Structure formats: structure tokens, C-alpha cells
Amino acid sequence: MSTNMHNKMIREAAKEILAPYGIFQKGQSRIWIDDNNWFLTIIEFQPSAWSRGSYLNVGLFFLWQNQDFISFDFSSDQVRVDHENGVQLYFDYENDEQFIEAAKFLAKKALEKALYYRKFKHLDYAEEKILPQHFQVEEWGLFHKMILCFLAQNMRAFDYLSSLLKVGNWDFIKRDNDELLKNLTRLKDYGGSDKDKLDFIRNYICATIGERRSYWRTKGMKKLPFGSQKNSP
């Protein structure tokens, strides 16, 4: 079986199961995208380096980041989807009939995850699920929680910003997000009320998300809609 045929089986399964829900393929890759306004749910049918098969990775990519690559920024449990018994979900190609069914099974699992993550479009729900979570890299956790709180106009955002500023080494965050962080600090020091500050910062973050959506449209996400309704949570 050629690699193209292997990919075609995955693509056809995803088209059948994911596409009716508005989930679309990134270019010709094995990545599928579910648009959720301020974040994308990333579905990756990840190939193996050792055999013809596929893992399944699903997680959130926050659209406030100024970077030229997709990352899995958050998942409610872990990015790589497991079987119910905790074993990594992976299907090796054995024959066409078997792998077609395996691809459909993976796509159904992906849809299940994607529909769950659609609940995160509602900022109250997202805060409830994301803020208590421990991030593997503490600095990224503080950064994402801070932006989420600013987006939700939650005063806790200022606490996360203060905590982030106290961390010794977070140049790896500033490298790609330096302008955003400078503007957040400037707006934080704006002389208005706390409510005015939160309004200004939220509007700035929404504008940043809109710019990133436009950027990703040029990078294999042509189906990512324009429009202010998509930029405002």
C-alpha cells in the first residue's frame, strides 16, 4: 500500500465523520481544524516513524499567540488520545479493510473530543476547566491563564500578570509575544478604572486574535472565516 493510499483512507474517514460538523483539513496535511473563535481545536492523525499507522492527538491552540507553528497549548487530560484502558490509541495498517475501519474509529474519537472542546467557547466554562489545571511549563500556564482572564474581563488576570513578571526566566515566551506583553503592561498602567483597563485589554486581545486568524488563513486554513463575530468571544 502506498503512503498516498494510507493518507487517503484517513482523509476519507475524516471527510465522512468530521467535515459535516464544519471541521476542516489544514491544506493536504493530516491535521484537521475545528474553529472555536478564540482557539482552534487541533486534530492530528499522527503518523508513526516505524510503521504505517496513526496515533490521534487532540488539543487546543490559543489564537492570541504570535508564532508561525501550531502547538497543543491545552488538553483536558492529555493530547494523545488513549483507549479506555489507558493504552495509547494507535492503529497499524494490516490491510485495506481493517485500516478503513480503524481510520473511522479514530475520526469518531476525534469528533467526540472536538464536540467536548466546543464548550470552551463559553469563557465561563473555559475558566472553570483551564484555570485549575497544572501546566507542564509553569510560565506558559501563567501566560495563558492571564490572557484568558483578560478576555473574560476577570480581575484575576492582574494577579497572573504579577506572578509572571516575578518568574525568573520566561524569555521563551517574550520572544514571540513581546509586543503583546508590552502592550498589556502599558494598558495595565493606563490611568482609568479597573473596568476601563479590562475593557481596553479585552479589545486589544480580540484584535490580536483577529490578526492571527488572518495569518492562519494564509497557512493552509482558507476555511477559517473572517468576521468580527469570530474574533469576539
# chains A, B, ... in the order shown; residues from 1 in each chain; ligands from 1
>>> select_by_dssp(residues="segment 89-152 of chain A", states="helix (DSSP H, G or I)", output="ChimeraX atom specification")
/A:96-121,123-130,138-151
>>> residues_around(residues="Asn7 of chain A", least_positions_apart="2", cutoff="12 Å", atoms="only C-alpha atoms", output="number ranges by chain")
A: 1-5, 9-14, 28-31, 45-47, 52-54, 93, 96, 99-100, 103
>>> closest_residue(among="A:Phe105, A:Leu181, A:Phe200, A:Pro225", to="Arg212 of chain A", atoms="only C-alpha atoms")
A:Pro225
>>> residues_around(residues="Phe158 of chain A", least_positions_apart="5", cutoff="10 Å", atoms="only C-alpha atoms", output="list of chain:residue names")
A:Met146, A:Ile147, A:Cys149, A:Phe150, A:Ser163, A:Leu164, A:Leu184, A:Thr185, A:Lys188, A:Asp194, A:Leu198
>>> write_last_selection(atoms="N, CA and C atoms", output="short mmCIF file (atom, residue, chain, number, x, y, z; two decimals), in the first residue's frame")
data_model
loop_
_atom_site.label_atom_id
_atom_site.label_comp_id
_atom_site.auth_asym_id
_atom_site.auth_seq_id
_atom_site.Cartn_x
_atom_site.Cartn_y
_atom_site.Cartn_z
N MET A 146 -3.56 34.12 32.23
CA MET A 146 -3.66 35.58 32.27
C MET A 146 -4.47 36.10 31.08
N ILE A 147 -4.13 35.63 29.86
CA ILE A 147 -4.83 36.11 28.68
C ILE A 147 -6.29 35.71 28.72
N CYS A 149 -8.15 35.24 31.32
CA CYS A 149 -8.86 36.08 32.30
C CYS A 149 -9.07 37.49 31.75
N PHE A 150 -8.10 38.03 31.06
CA PHE A 150 -8.30 39.34 30.44
C PHE A 150 -9.44 39.27 29.42
N SER A 163 2.38 37.52 38.81
CA SER A 163 3.11 36.27 39.04
C SER A 163 4.09 35.99 37.90
N LEU A 164 3.64 36.28 36.69
CA LEU A 164 4.50 36.04 35.53
C LEU A 164 5.73 36.95 35.56
N LEU A 184 0.16 44.88 26.96
CA LEU A 184 -0.61 44.55 28.16
C LEU A 184 -0.12 45.34 29.37
N THR A 185 1.21 45.44 29.50
CA THR A 185 1.78 46.19 30.61
C THR A 185 1.42 47.67 30.51
N LYS A 188 -2.18 48.03 31.36
CA LYS A 188 -2.37 47.82 32.80
C LYS A 188 -2.10 49.11 33.57
N ASP A 194 -10.34 50.08 36.94
CA ASP A 194 -10.03 48.68 36.61
C ASP A 194 -10.92 48.18 35.48
N LEU A 198 -9.71 46.67 31.89
CA LEU A 198 -10.13 45.37 31.38
C LEU A 198 -10.79 45.51 30.01
#
>>> closest_residue(among="A:Asn154, A:Ser162, A:Gln136, A:Asn37", to="Phe62 of chain A", atoms="only C-alpha atoms")
A:Asn37
>>> select_by_dssp(residues="segment 39-120 of chain A", states="strand (DSSP E or B)", output="PyMOL selection string")
chain A and resi 39-44+53-55+57-62+74+80+82+88+90-92
>>> write_last_selection(atoms="N, CA and C atoms", output="PDB file, in the first residue's frame")
ATOM      1  N   PHE A  39      -9.897  30.106  19.961  1.00  0.00           N
ATOM      2  CA  PHE A  39      -8.943  28.998  19.901  1.00  0.00           C
ATOM      3  C   PHE A  39      -9.374  28.043  18.789  1.00  0.00           C
ATOM      4  N   LEU A  40      -8.444  27.230  18.377  1.00  0.00           N
ATOM      5  CA  LEU A  40      -8.716  26.164  17.425  1.00  0.00           C
ATOM      6  C   LEU A  40      -8.532  24.838  18.138  1.00  0.00           C
ATOM      7  N   THR A  41      -9.434  23.906  17.893  1.00  0.00           N
ATOM      8  CA  THR A  41      -9.178  22.532  18.327  1.00  0.00           C
ATOM      9  C   THR A  41      -8.396  21.849  17.206  1.00  0.00           C
ATOM     10  N   ILE A  42      -7.226  21.362  17.552  1.00  0.00           N
ATOM     11  CA  ILE A  42      -6.336  20.715  16.587  1.00  0.00           C
ATOM     12  C   ILE A  42      -6.497  19.204  16.693  1.00  0.00           C
ATOM     13  N   ILE A  43      -6.810  18.594  15.571  1.00  0.00           N
ATOM     14  CA  ILE A  43      -6.928  17.136  15.485  1.00  0.00           C
ATOM     15  C   ILE A  43      -5.820  16.655  14.566  1.00  0.00           C
ATOM     16  N   GLU A  44      -4.932  15.864  15.089  1.00  0.00           N
ATOM     17  CA  GLU A  44      -3.804  15.365  14.306  1.00  0.00           C
ATOM     18  C   GLU A  44      -3.833  13.841  14.251  1.00  0.00           C
ATOM     19  N   GLY A  53       0.667   3.630  10.092  1.00  0.00           N
ATOM     20  CA  GLY A  53      -0.450   3.633  11.013  1.00  0.00           C
ATOM     21  C   GLY A  53      -0.733   5.042  11.471  1.00  0.00           C
ATOM     22  N   SER A  54      -1.470   5.182  12.564  1.00  0.00           N
ATOM     23  CA  SER A  54      -1.810   6.517  13.041  1.00  0.00           C
ATOM     24  C   SER A  54      -2.125   6.521  14.527  1.00  0.00           C
ATOM     25  N   TYR A  55      -1.565   7.528  15.203  1.00  0.00           N
ATOM     26  CA  TYR A  55      -1.998   7.919  16.529  1.00  0.00           C
ATOM     27  C   TYR A  55      -3.077   8.987  16.350  1.00  0.00           C
ATOM     28  N   ASN A  57      -3.985  12.755  18.144  1.00  0.00           N
ATOM     29  CA  ASN A  57      -3.704  13.829  19.092  1.00  0.00           C
ATOM     30  C   ASN A  57      -4.779  14.903  18.959  1.00  0.00           C
ATOM     31  N   VAL A  58      -5.306  15.368  20.089  1.00  0.00           N
ATOM     32  CA  VAL A  58      -6.338  16.409  20.076  1.00  0.00           C
ATOM     33  C   VAL A  58      -6.068  17.375  21.220  1.00  0.00           C
ATOM     34  N   GLY A  59      -6.061  18.673  20.900  1.00  0.00           N
ATOM     35  CA  GLY A  59      -5.861  19.686  21.932  1.00  0.00           C
ATOM     36  C   GLY A  59      -6.198  21.065  21.413  1.00  0.00           C
ATOM     37  N   LEU A  60      -6.078  22.059  22.292  1.00  0.00           N
ATOM     38  CA  LEU A  60      -6.426  23.433  21.945  1.00  0.00           C
ATOM     39  C   LEU A  60      -5.182  24.227  21.569  1.00  0.00           C
ATOM     40  N   PHE A  61      -5.345  25.082  20.563  1.00  0.00           N
ATOM     41  CA  PHE A  61      -4.309  26.029  20.137  1.00  0.00           C
ATOM     42  C   PHE A  61      -4.889  27.429  20.318  1.00  0.00           C
ATOM     43  N   PHE A  62      -4.307  28.204  21.242  1.00  0.00           N
ATOM     44  CA  PHE A  62      -4.828  29.529  21.551  1.00  0.00           C
ATOM     45  C   PHE A  62      -4.400  30.538  20.490  1.00  0.00           C
ATOM     46  N   PHE A  74      -3.253  23.265  25.300  1.00  0.00           N
ATOM     47  CA  PHE A  74      -4.045  22.766  26.423  1.00  0.00           C
ATOM     48  C   PHE A  74      -4.828  21.541  26.000  1.00  0.00           C
ATOM     49  N   ARG A  80      -2.417  13.103  23.476  1.00  0.00           N
ATOM     50  CA  ARG A  80      -2.565  11.826  22.771  1.00  0.00           C
ATOM     51  C   ARG A  80      -3.735  11.047  23.361  1.00  0.00           C
ATOM     52  N   ASP A  82      -6.087   8.062  24.346  1.00  0.00           N
ATOM     53  CA  ASP A  82      -5.872   6.675  24.762  1.00  0.00           C
ATOM     54  C   ASP A  82      -7.110   5.834  24.505  1.00  0.00           C
ATOM     55  N   GLN A  88      -2.084   3.659  24.667  1.00  0.00           N
ATOM     56  CA  GLN A  88      -2.107   4.648  23.596  1.00  0.00           C
ATOM     57  C   GLN A  88      -2.919   4.155  22.408  1.00  0.00           C
ATOM     58  N   TYR A  90      -3.451   3.625  18.939  1.00  0.00           N
ATOM     59  CA  TYR A  90      -2.660   3.552  17.709  1.00  0.00           C
ATOM     60  C   TYR A  90      -3.150   2.374  16.878  1.00  0.00           C
ATOM     61  N   PHE A  91      -3.289   2.621  15.582  1.00  0.00           N
ATOM     62  CA  PHE A  91      -3.669   1.548  14.676  1.00  0.00           C
ATOM     63  C   PHE A  91      -2.608   1.394  13.597  1.00  0.00           C
ATOM     64  N   ASP A  92      -2.074   0.221  13.492  1.00  0.00           N
ATOM     65  CA  ASP A  92      -1.133  -0.116  12.429  1.00  0.00           C
ATOM     66  C   ASP A  92      -1.925  -0.621  11.217  1.00  0.00           C
TER      67      ASP A  92
END
>>> closest_residue(among="A:Glu97, A:Glu112, A:Asp73, A:Asp68", to="Tyr21 of chain A", atoms="only C-alpha atoms")
A:Glu112
>>> closest_residue(among="A:Asn36, A:Ser75, A:Gln67, A:Ser48", to="Phe172 of chain A", atoms="only C-alpha atoms")
A:Gln67
>>> closest_residue(among="A:Ala107, A:Leu165, A:Trp38, A:Lys219", to="Leu89 of chain A", atoms="only C-alpha atoms")
A:Ala107
>>> closest_residue(among="A:Met221, A:Ile33, A:Ile201, A:Ile209", to="Arg118 of chain A", atoms="only C-alpha atoms")
A:Ile33
>>> atom_distance(atom1="atom CA of Tyr116 of chain A", atom2="atom CA of Gly22 of chain A")
14.6 Å
>>> residues_around(residues="Arg213 of chain A", least_positions_apart="2", cutoff="9 Å", atoms="only C-alpha atoms", output="list in words")
Trp38, Leu63, Thr208, Ile209, Gly210, Glu211, Tyr215, Trp216, Arg217, Met221, Leu224, Pro225, Phe226 and Asn231 of chain A
>>> atom_distance(atom1="atom CA of Lys109 of chain A", atom2="atom CA of Lys26 of chain A")
18.7 Å
>>> atom_distance(atom1="atom CA of Lys223 of chain A", atom2="atom CA of Asp77 of chain A")
28.2 Å
